[in-house]
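Undergrad: Provided herewith is a single structure, encoded as C-alpha cells, for subsequent inquiry.
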Amino acid sequence: MSLIRKIVVAGGTHGNERTGVRLVEKWMACPECYGACCPSADVSLVLANPEAMRLNRRYRDFDLNRSFSQVCLDASSEPQQCEFRRARELNRIYGPKGASTKTDLLLDVHNTGSNMGLCLILSARDPFTMKASAVLTQEFDDAWIYYQPEERSASPYFGTVAKADVCIEIGPQQHGTLDARLFEQAEKLVKRYLELADEWNRGELQKRAPIQVEVYTQLRDLGYPKAWAGAPIEAMIHPDLLGADYRELKKGDKLFRTFDGKDILYEGEADGRESVWPIFINEPAYYEKDIAMSLTVKSVEEW
Ligand SMILES: [Zn+2]
C-alpha cells in the first residue's frame, strides 16, 4: 500500500454491537479524543446503520454487512430493503468499491458474543494492515489475527469498499450491551491503528523488524447438526468447547451435545486434516445463518 490519506472509522454496521456505536458517537462529540493520532491522514467517522441502532438490532431488513458485493451494489432496481439502500449510499460516500475508491483504510468496529478477545480480521494480505496488526498482537494481551481471504468484488463486507480494511471483532459481549473493559480496550486499539497509519506514512512502520504472529486462516463454517436444511437443530455446542475459541480441536474431541445428552465428536475434515482451531463459537447472531462456529487453521508466520 502507498500512503494512507483517507481513513474511515465505522461503528454500528450492526446496530446492536454497541462498542463501535458508542466509540464513534463519543469521538463525534470529542474530535480531540482521536484528532492527534494520525495528522498525515483525513480521518472520518461513520455510524453505518442508524436505523438498526435505533431498533437496537443487528439490522432492520437485511444484514448490512452482507450487502456490499458489487452485484448487490450495482442491481438496477431501487431496493426495498433499507440496508441495501444504505449500502449504496455508503458506497457513494466512501467508495466507490474498486480501484478508484476514496478510502484507503476502513476500520469497522464490531462485537461478538464469542470469547474472541480483540480479533483483527484481515480480508487481504495488505502490507499495512498486516504489519500494524502484528504490532498490536505484541501490545495487547488478547489480540488475535484472523485471516479471511476475500475476493474484494464479490465480498459482501462494508470494509471492502476501501482499499484495505480491518474488521475488529470484540468479545465476549452480549449484543445490545456494553462492557467497560472491552470499550476501553477497543478505543485504545483503534487509536493505535491510527497512530500506526501515521507511522506508516512517515515510512517508519515498514522499517520495523519482522514480528512472529499466529495467524488463524479461515477454513470453513460449521453448521449445527440437522436432519435437513430448515429442520430444527439437533444439538448444542458441547460444554467443553464453549468459550474455547482459538483452541485446537482434534479428531475425536467433543463438538456438540444432543438434547438427550449424547456427545457428538469432531470427525476431522474431508481432506484428511485432523486438527482445526474454531472461532465464533456459539455466536448468537449466527444462529440465523446456521453457523455454529468458524473453523480455522493456525500457522506461525513472520509479518
Ligand atoms: Zn458485527
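FYI, nothing fancy with the C-alpha cells labels: chains A, B, ... in order, residues from 1 per chain, ligands from 1 as they appear.
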Grab me every residue within 7 Å of ligand 1, counting only C-alpha atoms and all ligand atoms, and send it over as a compact mmCIF listing (two decimals) with N, CA and C atoms, in the first residue's frame.
TA:
# COMPACT_ATOMS: atom_id res chain seq x y z
N THR A 13 -22.30 -0.83 12.19
CA THR A 13 -22.61 -1.60 10.97
C THR A 13 -23.65 -2.66 11.33
N HIS A 14 -23.51 -3.19 12.54
CA HIS A 14 -24.59 -3.96 13.17
C HIS A 14 -25.11 -3.13 14.34
N GLU A 17 -24.35 -3.81 18.16
CA GLU A 17 -22.96 -4.05 18.59
C GLU A 17 -22.43 -2.72 19.08
N HIS A 110 -16.81 -4.05 15.48
CA HIS A 110 -17.93 -4.97 15.76
C HIS A 110 -17.78 -5.60 17.13
N ASN A 111 -18.86 -6.24 17.58
CA ASN A 111 -18.80 -7.09 18.78
C ASN A 111 -19.22 -8.50 18.44
N THR A 112 -18.74 -9.42 19.26
CA THR A 112 -19.18 -10.81 19.16
C THR A 112 -19.49 -11.31 20.56
Undergrad: Using only C-alpha atoms, determine which residues lie at most 8 Å from Ala197 in chain A, disregarding the query and same-chain residues fewer than 2 positions distant; provide the list as a PyMOL selection string.
TA: chain A and resi 4+38+128+132+193-195+199-201
Undergrad: Determine which residues of range 165-230 of chain A DSSP labels as helix (DSSP H, G or I) from the backbone of this structure, then write them out as a list of chain:residue names.
TA: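 Filtering range 165-230 of chain A down to helix (DSSP H, G or I) leaves A:Ala180, A:Arg181, A:Leu182, A:Phe183, A:Glu184, A:Gln185, A:Ala186, A:Glu187, A:Lys188, A:Leu189, A:Val190, A:Lys191, A:Arg192, A:Tyr193, A:Leu194, A:Glu195, A:Leu196, A:Ala197, A:Asp198, A:Glu199, A:Trp200, A:Asn201, A:Leu205, A:Gln206, A:Lys207.
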Undergrad: Find the residues around Asp179 in chain A up to 12 Å (only C-alpha atoms counted), leave out those fewer than 5 positions away in its own chain, and share them as a PyMOL selection string.
TA: chain A and resi 17-20+22+111-113+170-174+184-186
Undergrad: I need the residues from that last selection saved to file as a PDB file, in the first residue's frame (with N, CA and C atoms), if you can.
TA:
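Result saved to again33.pdb:
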ATOM      1  N   GLU A  17     -24.348  -3.810  18.156  1.00  0.00           N
ATOM      2  CA  GLU A  17     -22.964  -4.052  18.589  1.00  0.00           C
ATOM      3  C   GLU A  17     -22.432  -2.717  19.084  1.00  0.00           C
ATOM      4  N   ARG A  18     -22.598  -2.509  20.391  1.00  0.00           N
ATOM      5  CA  ARG A  18     -22.581  -1.156  20.922  1.00  0.00           C
ATOM      6  C   ARG A  18     -21.206  -0.572  21.187  1.00  0.00           C
ATOM      7  N   THR A  19     -20.172  -1.397  21.193  1.00  0.00           N
ATOM      8  CA  THR A  19     -18.844  -0.819  21.416  1.00  0.00           C
ATOM      9  C   THR A  19     -18.513   0.172  20.303  1.00  0.00           C
ATOM     10  N   GLY A  20     -18.691  -0.253  19.063  1.00  0.00           N
ATOM     11  CA  GLY A  20     -18.392   0.626  17.927  1.00  0.00           C
ATOM     12  C   GLY A  20     -19.342   1.805  17.860  1.00  0.00           C
ATOM     13  N   ARG A  22     -20.874   3.341  20.372  1.00  0.00           N
ATOM     14  CA  ARG A  22     -20.555   4.354  21.383  1.00  0.00           C
ATOM     15  C   ARG A  22     -19.191   4.994  21.133  1.00  0.00           C
ATOM     16  N   ASN A 111     -18.856  -6.243  17.585  1.00  0.00           N
ATOM     17  CA  ASN A 111     -18.796  -7.088  18.783  1.00  0.00           C
ATOM     18  C   ASN A 111     -19.216  -8.498  18.440  1.00  0.00           C
ATOM     19  N   THR A 112     -18.735  -9.424  19.259  1.00  0.00           N
ATOM     20  CA  THR A 112     -19.176 -10.810  19.161  1.00  0.00           C
ATOM     21  C   THR A 112     -19.493 -11.314  20.561  1.00  0.00           C
ATOM     22  N   GLY A 113     -20.472 -12.223  20.640  1.00  0.00           N
ATOM     23  CA  GLY A 113     -20.769 -12.877  21.909  1.00  0.00           C
ATOM     24  C   GLY A 113     -19.764 -13.975  22.223  1.00  0.00           C
ATOM     25  N   ILE A 170     -14.861  -7.630  18.807  1.00  0.00           N
ATOM     26  CA  ILE A 170     -14.503  -7.540  20.221  1.00  0.00           C
ATOM     27  C   ILE A 170     -15.501  -8.325  21.057  1.00  0.00           C
ATOM     28  N   GLY A 171     -14.970  -9.221  21.899  1.00  0.00           N
ATOM     29  CA  GLY A 171     -15.872 -10.021  22.710  1.00  0.00           C
ATOM     30  C   GLY A 171     -15.152 -10.725  23.852  1.00  0.00           C
ATOM     31  N   PRO A 172     -15.861 -11.434  24.700  1.00  0.00           N
ATOM     32  CA  PRO A 172     -17.295 -11.686  24.577  1.00  0.00           C
ATOM     33  C   PRO A 172     -18.126 -10.541  25.138  1.00  0.00           C
ATOM     34  N   GLN A 173     -19.130 -10.127  24.384  1.00  0.00           N
ATOM     35  CA  GLN A 173     -20.058  -9.105  24.853  1.00  0.00           C
ATOM     36  C   GLN A 173     -21.447  -9.440  24.314  1.00  0.00           C
ATOM     37  N   GLN A 174     -22.433  -9.461  25.201  1.00  0.00           N
ATOM     38  CA  GLN A 174     -23.800  -9.699  24.745  1.00  0.00           C
ATOM     39  C   GLN A 174     -24.226  -8.574  23.819  1.00  0.00           C
ATOM     40  N   GLU A 184     -12.894   0.242  26.666  1.00  0.00           N
ATOM     41  CA  GLU A 184     -11.616   0.948  26.825  1.00  0.00           C
ATOM     42  C   GLU A 184     -10.523   0.315  25.967  1.00  0.00           C
ATOM     43  N   GLN A 185     -10.520  -1.011  25.901  1.00  0.00           N
ATOM     44  CA  GLN A 185      -9.535  -1.689  25.049  1.00  0.00           C
ATOM     45  C   GLN A 185      -9.762  -1.356  23.586  1.00  0.00           C
ATOM     46  N   ALA A 186     -11.036  -1.327  23.187  1.00  0.00           N
ATOM     47  CA  ALA A 186     -11.361  -1.041  21.785  1.00  0.00           C
ATOM     48  C   ALA A 186     -10.895   0.358  21.402  1.00  0.00           C
TER      49      ALA A 186
END
Undergrad: Please measure the separation of CA of Glu234 in chain A and CA of Val276 in chain A, giving the value in Å to one decimal.
TA: 22.3 Å
Undergrad: Could you state the separation of CA of Gly95 in chain A and CA of Met28 in chain A in Å, given to one decimal place?
TA: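 Separation between CA of Gly95 in chain A and CA of Met28 in chain A: 21.1 Å.
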Undergrad: Kindly provide the residues of range 238-287 of chain A that approach range 57-80 of chain A to within 12 Å, each paired with its closest atom pair and their distance in Å to one decimal, based on only C-alpha atoms, listed by chain and increasing number, as CSV.
TA:
residue,atom,partner,partner_atom,distance
A:Pro284,CA,A:Arg58,CA,10.7
A:Ala285,CA,A:Arg58,CA,7.8
A:Tyr286,CA,A:Arg58,CA,11.0
Undergrad: Find the residues around range 245-249 of chain A up to 6 Å (only C-alpha atoms counted), leave out those fewer than 3 positions away in its own chain, and share them as a short mmCIF file (atom, residue, chain, number, x, y, z; two decimals) with N, CA and C atoms, in the first residue's frame.
TA:
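Contents of around-v8.cif, as written:
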data_model
loop_
_atom_site.label_atom_id
_atom_site.label_comp_id
_atom_site.auth_asym_id
_atom_site.auth_seq_id
_atom_site.Cartn_x
_atom_site.Cartn_y
_atom_site.Cartn_z
N SER A 275 -6.95 -31.60 12.63
CA SER A 275 -6.95 -30.53 13.63
C SER A 275 -7.49 -29.25 13.03
N VAL A 276 -8.33 -28.56 13.78
CA VAL A 276 -8.78 -27.22 13.38
C VAL A 276 -8.82 -26.35 14.63
N TRP A 277 -8.95 -25.03 14.43
CA TRP A 277 -9.00 -24.08 15.54
C TRP A 277 -10.30 -23.27 15.39
N PRO A 278 -11.35 -23.64 16.13
CA PRO A 278 -12.65 -22.96 15.95
C PRO A 278 -12.66 -21.55 16.56
N ILE A 279 -13.39 -20.67 15.92
CA ILE A 279 -13.66 -19.32 16.46
C ILE A 279 -15.15 -19.01 16.20
#
